[in-house]
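**Q** Have a look at the structure that comes next, please.
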Amino acid sequence: MAAAAGGAEGRSPPSGPSPRPGSPPSPAWGSAVVVLSSDSEPETEDGDEWTEEPNVLVLLRLEEFLSMVRGYKQEAQGCAEGQKETLQSFVAQVLKKMPGKILAMTVVEVEKYFRCLRAQSKKRLQQARVHRNEGDEQRRKEVQDSGLEISRLDVEEALVDLQLCTQVPVTFFASWEEVGEFATMFSKAVAEAPYKRQQENTGFSFYLENKWCRGVKVDPSGKGLFEVWKRQIQQFNRVSLEMAEAVVTAYPSPQLLDQAYSRCSSEQERENLLANILVRRGEGVTATSRRIGPELSRRIYLQMTSHDPDLYLDATG
């Protein structure tokens with residue numbers, strides 16, 4: 001299984017500065033990241049067989065987003081002049097072009113816009129104090145209402161309307177670097193979803209599959225003991241099949257693990273003996289790895305060595 005990100009429509013993210021508060025937005029279209037995953041059965045030799053996933057990440061430029069919020073504000077105030085685009089109408093257009101997709105939208109540098117807005121407000125207040133005694137009513141009117149600025153409340157109201165009507169989430173990021181990291185995680189998570197669903201296809205997390213319920217048959221030669229040992233590790237809380245397999249691969253029997261504990265020179269070394277064992281999950285480019293960690297390593301050590309029958313492993317520490 002693999003993930004690929006491809007531009008669906010529009011231009012690449014701009015590298016120039018953000019628009020100043022109050023400046024009219026330049027016309028532009030949002031960019032979309034469509035996640036693709038490779039077919040598992042059958043898979044072609046050259047790896048060119050791809051399935052388009054339903055999840056789409058839409059990247060909105062700041063000026064587009066502010067223009068849509070302004071359009072919603074004018075629509076809410078009953079101003080039908082111009083019929084400007086809103087977040088809700090934009091989502092409707094995207095879904096019309098890509099029916100059946102699950103959208104998630106992102107916007108960059110919204111907080112930077114508000115910081116700039118606050119700086120300009122302070123500057124105008126200073127100007128208002130200068131002109132207060134000059135009777136400059138026109139200047140005072142411009143200070144009170146520029147007519148083009150978008151407030152934080154305007155943004156929140158537009159987002160609430162979007163959520164209630166379309167259930168499409170909008171995430172803000174401080175920089176394009178953060179968007180890139182998020183797009184990578186987004187693509188990987190969507191590409192891994194079929195694998196995770198396959199791993200959890202038993203229906204209920206607490207329902208044990210038939211093979212587990214039957215237990216493991218151990219013959220006189222000792223065949224089956226390895227599986228018993230793996231299931232013993234898997235009985236710990238928050239231990240997946242992959243974690244249990246990693247432990248028993250490193251120490252194929254309780255006796256070998258006990259011998260390893262006896263070779264340690266300190267209590268701390270024994271508690272952390274298993275902490276750095278790698279646990280691999282997934283296949284191909286979506287494969288990930290993590291370590292067992294000190295918490296599980298300590299629980300296994302206590303279970304293997306403690307003489308207290310009432311010891312509650314999750315409460316230790």
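Labels for the structure tokens follow display order: chains A, B, ..., residues from 1 in each chain, ligands from 1.
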I'd like the contact shell of range 63-74 of chain A - 6 Å cut-off, only C-alpha atoms, skipping same-chain residues fewer than 2 positions apart - returned as number ranges by chain.

**A** A: 25, 61, 76-77, 79, 84-87, 158

**Q** Output N, CA and C atoms for every residue in the selection just made, as a compact mmCIF listing (two decimals), in the first residue's frame.

**A**
# COMPACT_ATOMS: atom_id res chain seq x y z
N PRO A 25 -9.01 40.78 -2.12
CA PRO A 25 -8.36 39.52 -2.45
C PRO A 25 -8.15 39.38 -3.95
N ARG A 61 -5.90 29.49 0.03
CA ARG A 61 -5.03 30.62 0.30
C ARG A 61 -5.74 31.62 1.21
N ALA A 76 -25.18 37.24 5.46
CA ALA A 76 -25.90 37.22 6.74
C ALA A 76 -26.53 38.56 7.06
N GLN A 77 -25.92 39.64 6.54
CA GLN A 77 -26.47 40.98 6.77
C GLN A 77 -27.54 41.34 5.76
N CYS A 79 -27.15 41.48 2.43
CA CYS A 79 -26.64 42.20 1.27
C CYS A 79 -26.47 41.21 0.12
N LYS A 84 -21.35 37.26 -3.61
CA LYS A 84 -19.99 36.78 -3.47
C LYS A 84 -19.96 35.35 -2.92
N GLU A 85 -18.88 34.66 -3.24
CA GLU A 85 -18.72 33.27 -2.82
C GLU A 85 -18.51 33.16 -1.32
N THR A 86 -19.09 32.12 -0.71
CA THR A 86 -18.91 31.83 0.71
C THR A 86 -18.22 30.48 0.85
N LEU A 87 -17.81 30.16 2.09
CA LEU A 87 -17.22 28.84 2.33
C LEU A 87 -18.18 27.73 1.94
N ALA A 158 -18.58 32.24 10.40
CA ALA A 158 -18.55 31.56 9.09
C ALA A 158 -18.19 30.08 9.24

**Q** Quick one: everything within 7 Å of Pro54 in chain A, counting only C-alpha atoms, minus sequence neighbours fewer than 3 positions away in the same chain. Send it as a list in words.

**A**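 Residues meeting the cut-off are Gly100, Lys101 and Ile102 of chain A.
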
**Q** Looking at A:Glu177, A:Asp308, A:Glu109, A:Glu245, which one is nearest to Lys230 in chain A, with distances taken over only C-alpha atoms?

**A**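 Counting only C-alpha atoms, the residue closest to Lys230 in chain A is A:Glu245.
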
**Q** Can you list, as a VMD selection string, every protein, DNA or RNA residue that comes within 12 Å of range 254-270 of chain A when you count only C-alpha atoms, leaving out same-chain residues fewer than 4 positions away?

**A** chain A and resid 225 to 230 232 to 233 247 to 250 274 to 276 294 297 to 305

**Q** Mind writing the picked residues with N, CA and C atoms as a PDB file, in the first residue's frame?

**A**
ATOM      1  N   LEU A 225       4.333 -24.094  22.096  1.00  0.00           N
ATOM      2  CA  LEU A 225       4.724 -23.301  23.262  1.00  0.00           C
ATOM      3  C   LEU A 225       5.049 -21.852  22.885  1.00  0.00           C
ATOM      4  N   PHE A 226       5.615 -21.667  21.692  1.00  0.00           N
ATOM      5  CA  PHE A 226       5.941 -20.317  21.243  1.00  0.00           C
ATOM      6  C   PHE A 226       4.684 -19.462  21.125  1.00  0.00           C
ATOM      7  N   GLU A 227       3.602 -20.068  20.590  1.00  0.00           N
ATOM      8  CA  GLU A 227       2.341 -19.344  20.453  1.00  0.00           C
ATOM      9  C   GLU A 227       1.736 -19.028  21.815  1.00  0.00           C
ATOM     10  N   VAL A 228       1.858 -19.962  22.762  1.00  0.00           N
ATOM     11  CA  VAL A 228       1.369 -19.725  24.127  1.00  0.00           C
ATOM     12  C   VAL A 228       2.105 -18.547  24.758  1.00  0.00           C
ATOM     13  N   TRP A 229       3.417 -18.509  24.569  1.00  0.00           N
ATOM     14  CA  TRP A 229       4.245 -17.432  25.114  1.00  0.00           C
ATOM     15  C   TRP A 229       3.846 -16.085  24.504  1.00  0.00           C
ATOM     16  N   LYS A 230       3.571 -16.060  23.202  1.00  0.00           N
ATOM     17  CA  LYS A 230       3.166 -14.810  22.540  1.00  0.00           C
ATOM     18  C   LYS A 230       1.820 -14.327  23.066  1.00  0.00           C
ATOM     19  N   GLN A 232       0.589 -14.939  25.966  1.00  0.00           N
ATOM     20  CA  GLN A 232       0.762 -14.479  27.339  1.00  0.00           C
ATOM     21  C   GLN A 232       1.177 -12.999  27.358  1.00  0.00           C
ATOM     22  N   ILE A 233       2.095 -12.634  26.472  1.00  0.00           N
ATOM     23  CA  ILE A 233       2.513 -11.235  26.379  1.00  0.00           C
ATOM     24  C   ILE A 233       1.362 -10.363  25.885  1.00  0.00           C
ATOM     25  N   VAL A 247       8.424  -8.894  21.032  1.00  0.00           N
ATOM     26  CA  VAL A 247       9.024  -9.364  22.279  1.00  0.00           C
ATOM     27  C   VAL A 247       9.433 -10.826  22.168  1.00  0.00           C
ATOM     28  N   VAL A 248       8.521 -11.672  21.679  1.00  0.00           N
ATOM     29  CA  VAL A 248       8.830 -13.109  21.643  1.00  0.00           C
ATOM     30  C   VAL A 248       9.833 -13.445  20.542  1.00  0.00           C
ATOM     31  N   THR A 249       9.979 -12.584  19.536  1.00  0.00           N
ATOM     32  CA  THR A 249      11.022 -12.800  18.540  1.00  0.00           C
ATOM     33  C   THR A 249      12.401 -12.565  19.155  1.00  0.00           C
ATOM     34  N   ALA A 250      12.479 -11.548  20.018  1.00  0.00           N
ATOM     35  CA  ALA A 250      13.746 -11.259  20.690  1.00  0.00           C
ATOM     36  C   ALA A 250      14.067 -12.304  21.759  1.00  0.00           C
ATOM     37  N   LEU A 274      13.683  -4.555  27.743  1.00  0.00           N
ATOM     38  CA  LEU A 274      12.897  -4.702  26.509  1.00  0.00           C
ATOM     39  C   LEU A 274      12.551  -3.364  25.864  1.00  0.00           C
ATOM     40  N   ALA A 275      12.925  -2.262  26.489  1.00  0.00           N
ATOM     41  CA  ALA A 275      12.441  -0.943  26.062  1.00  0.00           C
ATOM     42  C   ALA A 275      12.796  -0.595  24.626  1.00  0.00           C
ATOM     43  N   ASN A 276      13.967  -1.013  24.149  1.00  0.00           N
ATOM     44  CA  ASN A 276      14.424  -0.599  22.816  1.00  0.00           C
ATOM     45  C   ASN A 276      14.120  -1.601  21.713  1.00  0.00           C
ATOM     46  N   PRO A 294       9.775   1.992  27.860  1.00  0.00           N
ATOM     47  CA  PRO A 294      10.085   1.595  29.241  1.00  0.00           C
ATOM     48  C   PRO A 294       8.876   1.157  30.055  1.00  0.00           C
ATOM     49  N   SER A 297       8.053  -2.470  29.115  1.00  0.00           N
ATOM     50  CA  SER A 297       9.213  -3.258  29.538  1.00  0.00           C
ATOM     51  C   SER A 297       9.187  -3.498  31.042  1.00  0.00           C
ATOM     52  N   ARG A 298       8.831  -2.485  31.797  1.00  0.00           N
ATOM     53  CA  ARG A 298       8.777  -2.611  33.264  1.00  0.00           C
ATOM     54  C   ARG A 298       7.637  -3.533  33.703  1.00  0.00           C
ATOM     55  N   ARG A 299       6.482  -3.432  33.026  1.00  0.00           N
ATOM     56  CA  ARG A 299       5.347  -4.295  33.394  1.00  0.00           C
ATOM     57  C   ARG A 299       5.669  -5.769  33.153  1.00  0.00           C
ATOM     58  N   ILE A 300       6.317  -6.052  32.015  1.00  0.00           N
ATOM     59  CA  ILE A 300       6.679  -7.443  31.720  1.00  0.00           C
ATOM     60  C   ILE A 300       7.691  -7.951  32.742  1.00  0.00           C
ATOM     61  N   TYR A 301       8.656  -7.101  33.109  1.00  0.00           N
ATOM     62  CA  TYR A 301       9.664  -7.507  34.103  1.00  0.00           C
ATOM     63  C   TYR A 301       9.006  -7.834  35.450  1.00  0.00           C
ATOM     64  N   LEU A 302       8.082  -6.993  35.891  1.00  0.00           N
ATOM     65  CA  LEU A 302       7.415  -7.236  37.170  1.00  0.00           C
ATOM     66  C   LEU A 302       6.575  -8.516  37.117  1.00  0.00           C
ATOM     67  N   GLN A 303       5.902  -8.731  36.000  1.00  0.00           N
ATOM     68  CA  GLN A 303       5.090  -9.936  35.870  1.00  0.00           C
ATOM     69  C   GLN A 303       5.960 -11.192  35.905  1.00  0.00           C
ATOM     70  N   MET A 304       7.156 -11.086  35.350  1.00  0.00           N
ATOM     71  CA  MET A 304       8.045 -12.250  35.284  1.00  0.00           C
ATOM     72  C   MET A 304       8.766 -12.531  36.607  1.00  0.00           C
ATOM     73  N   THR A 305       8.934 -11.508  37.445  1.00  0.00           N
ATOM     74  CA  THR A 305       9.797 -11.678  38.628  1.00  0.00           C
ATOM     75  C   THR A 305       9.112 -11.446  39.967  1.00  0.00           C
TER      76      THR A 305
END

**Q** Any chance you could list, as a PyMOL selection string, the residues in range 100-130 of chain A that come up helix (DSSP H, G or I) when DSSP is run on the backbone?

**A** chain A and resi 110-130

**Q** Go ahead and save the picked residues with C-alpha atoms, as a compact mmCIF listing (two decimals), in the first residue's frame.

**A**
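Output (again_34.txt):
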# COMPACT_ATOMS: atom_id res chain seq x y z
CA VAL A 110 -4.77 33.39 9.68
CA GLU A 111 -3.21 34.30 13.03
CA LYS A 112 -0.61 36.41 11.24
CA TYR A 113 -3.46 38.33 9.61
CA PHE A 114 -5.06 39.01 13.01
CA ARG A 115 -1.73 40.18 14.45
CA CYS A 116 -1.37 42.60 11.56
CA LEU A 117 -4.95 43.71 12.11
CA ARG A 118 -4.27 44.49 15.78
CA ALA A 119 -1.18 46.48 14.85
CA GLN A 120 -3.17 48.57 12.38
CA SER A 121 -5.95 49.12 14.94
CA LYS A 122 -3.41 50.50 17.44
CA LYS A 123 -2.02 52.79 14.78
CA ARG A 124 -5.49 54.12 13.93
CA LEU A 125 -6.24 54.73 17.61
CA GLN A 126 -3.12 56.85 17.84
CA GLN A 127 -4.21 58.76 14.77
CA ALA A 128 -7.67 59.24 16.31
CA ARG A 129 -6.14 60.86 19.39
CA VAL A 130 -4.19 63.26 17.18

**Q** A:Gly78, A:Ala104, A:Ala246, A:Leu164: which is nearest Ser187 in chain A, counting only C-alpha atoms?

**A**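 The answer is A:Ala104, which sits nearest to Ser187 in chain A.
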
**Q** Do you know which residues are at most 10 Å from Val179 in chain A counting only C-alpha atoms, after dropping those on the same chain fewer than 4 positions away, and could you put them as a list in words?

**A**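 Once the adjacent positions are removed, what remains is Leu59, Thr106, Val107, Val108, Thr171, Phe172, Phe173, Ala174, Ser175, Ala183, Thr184 and Met185 of chain A.
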
**Q** Given only C-alpha atoms as the basis, pick out the residue of A:Glu157, A:Ser151, A:Arg290, A:Gln88 nearest to Glu242 in chain A.

**A**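 Smallest distance to Glu242 in chain A is found for A:Arg290.
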
**Q** Report as number ranges by chain all protein, DNA and RNA residues lying within 7 Å of Val168 in chain A, evaluated on only C-alpha atoms, omitting residues in the same chain fewer than 3 positions from it.

**A** A: 103-104, 162-163
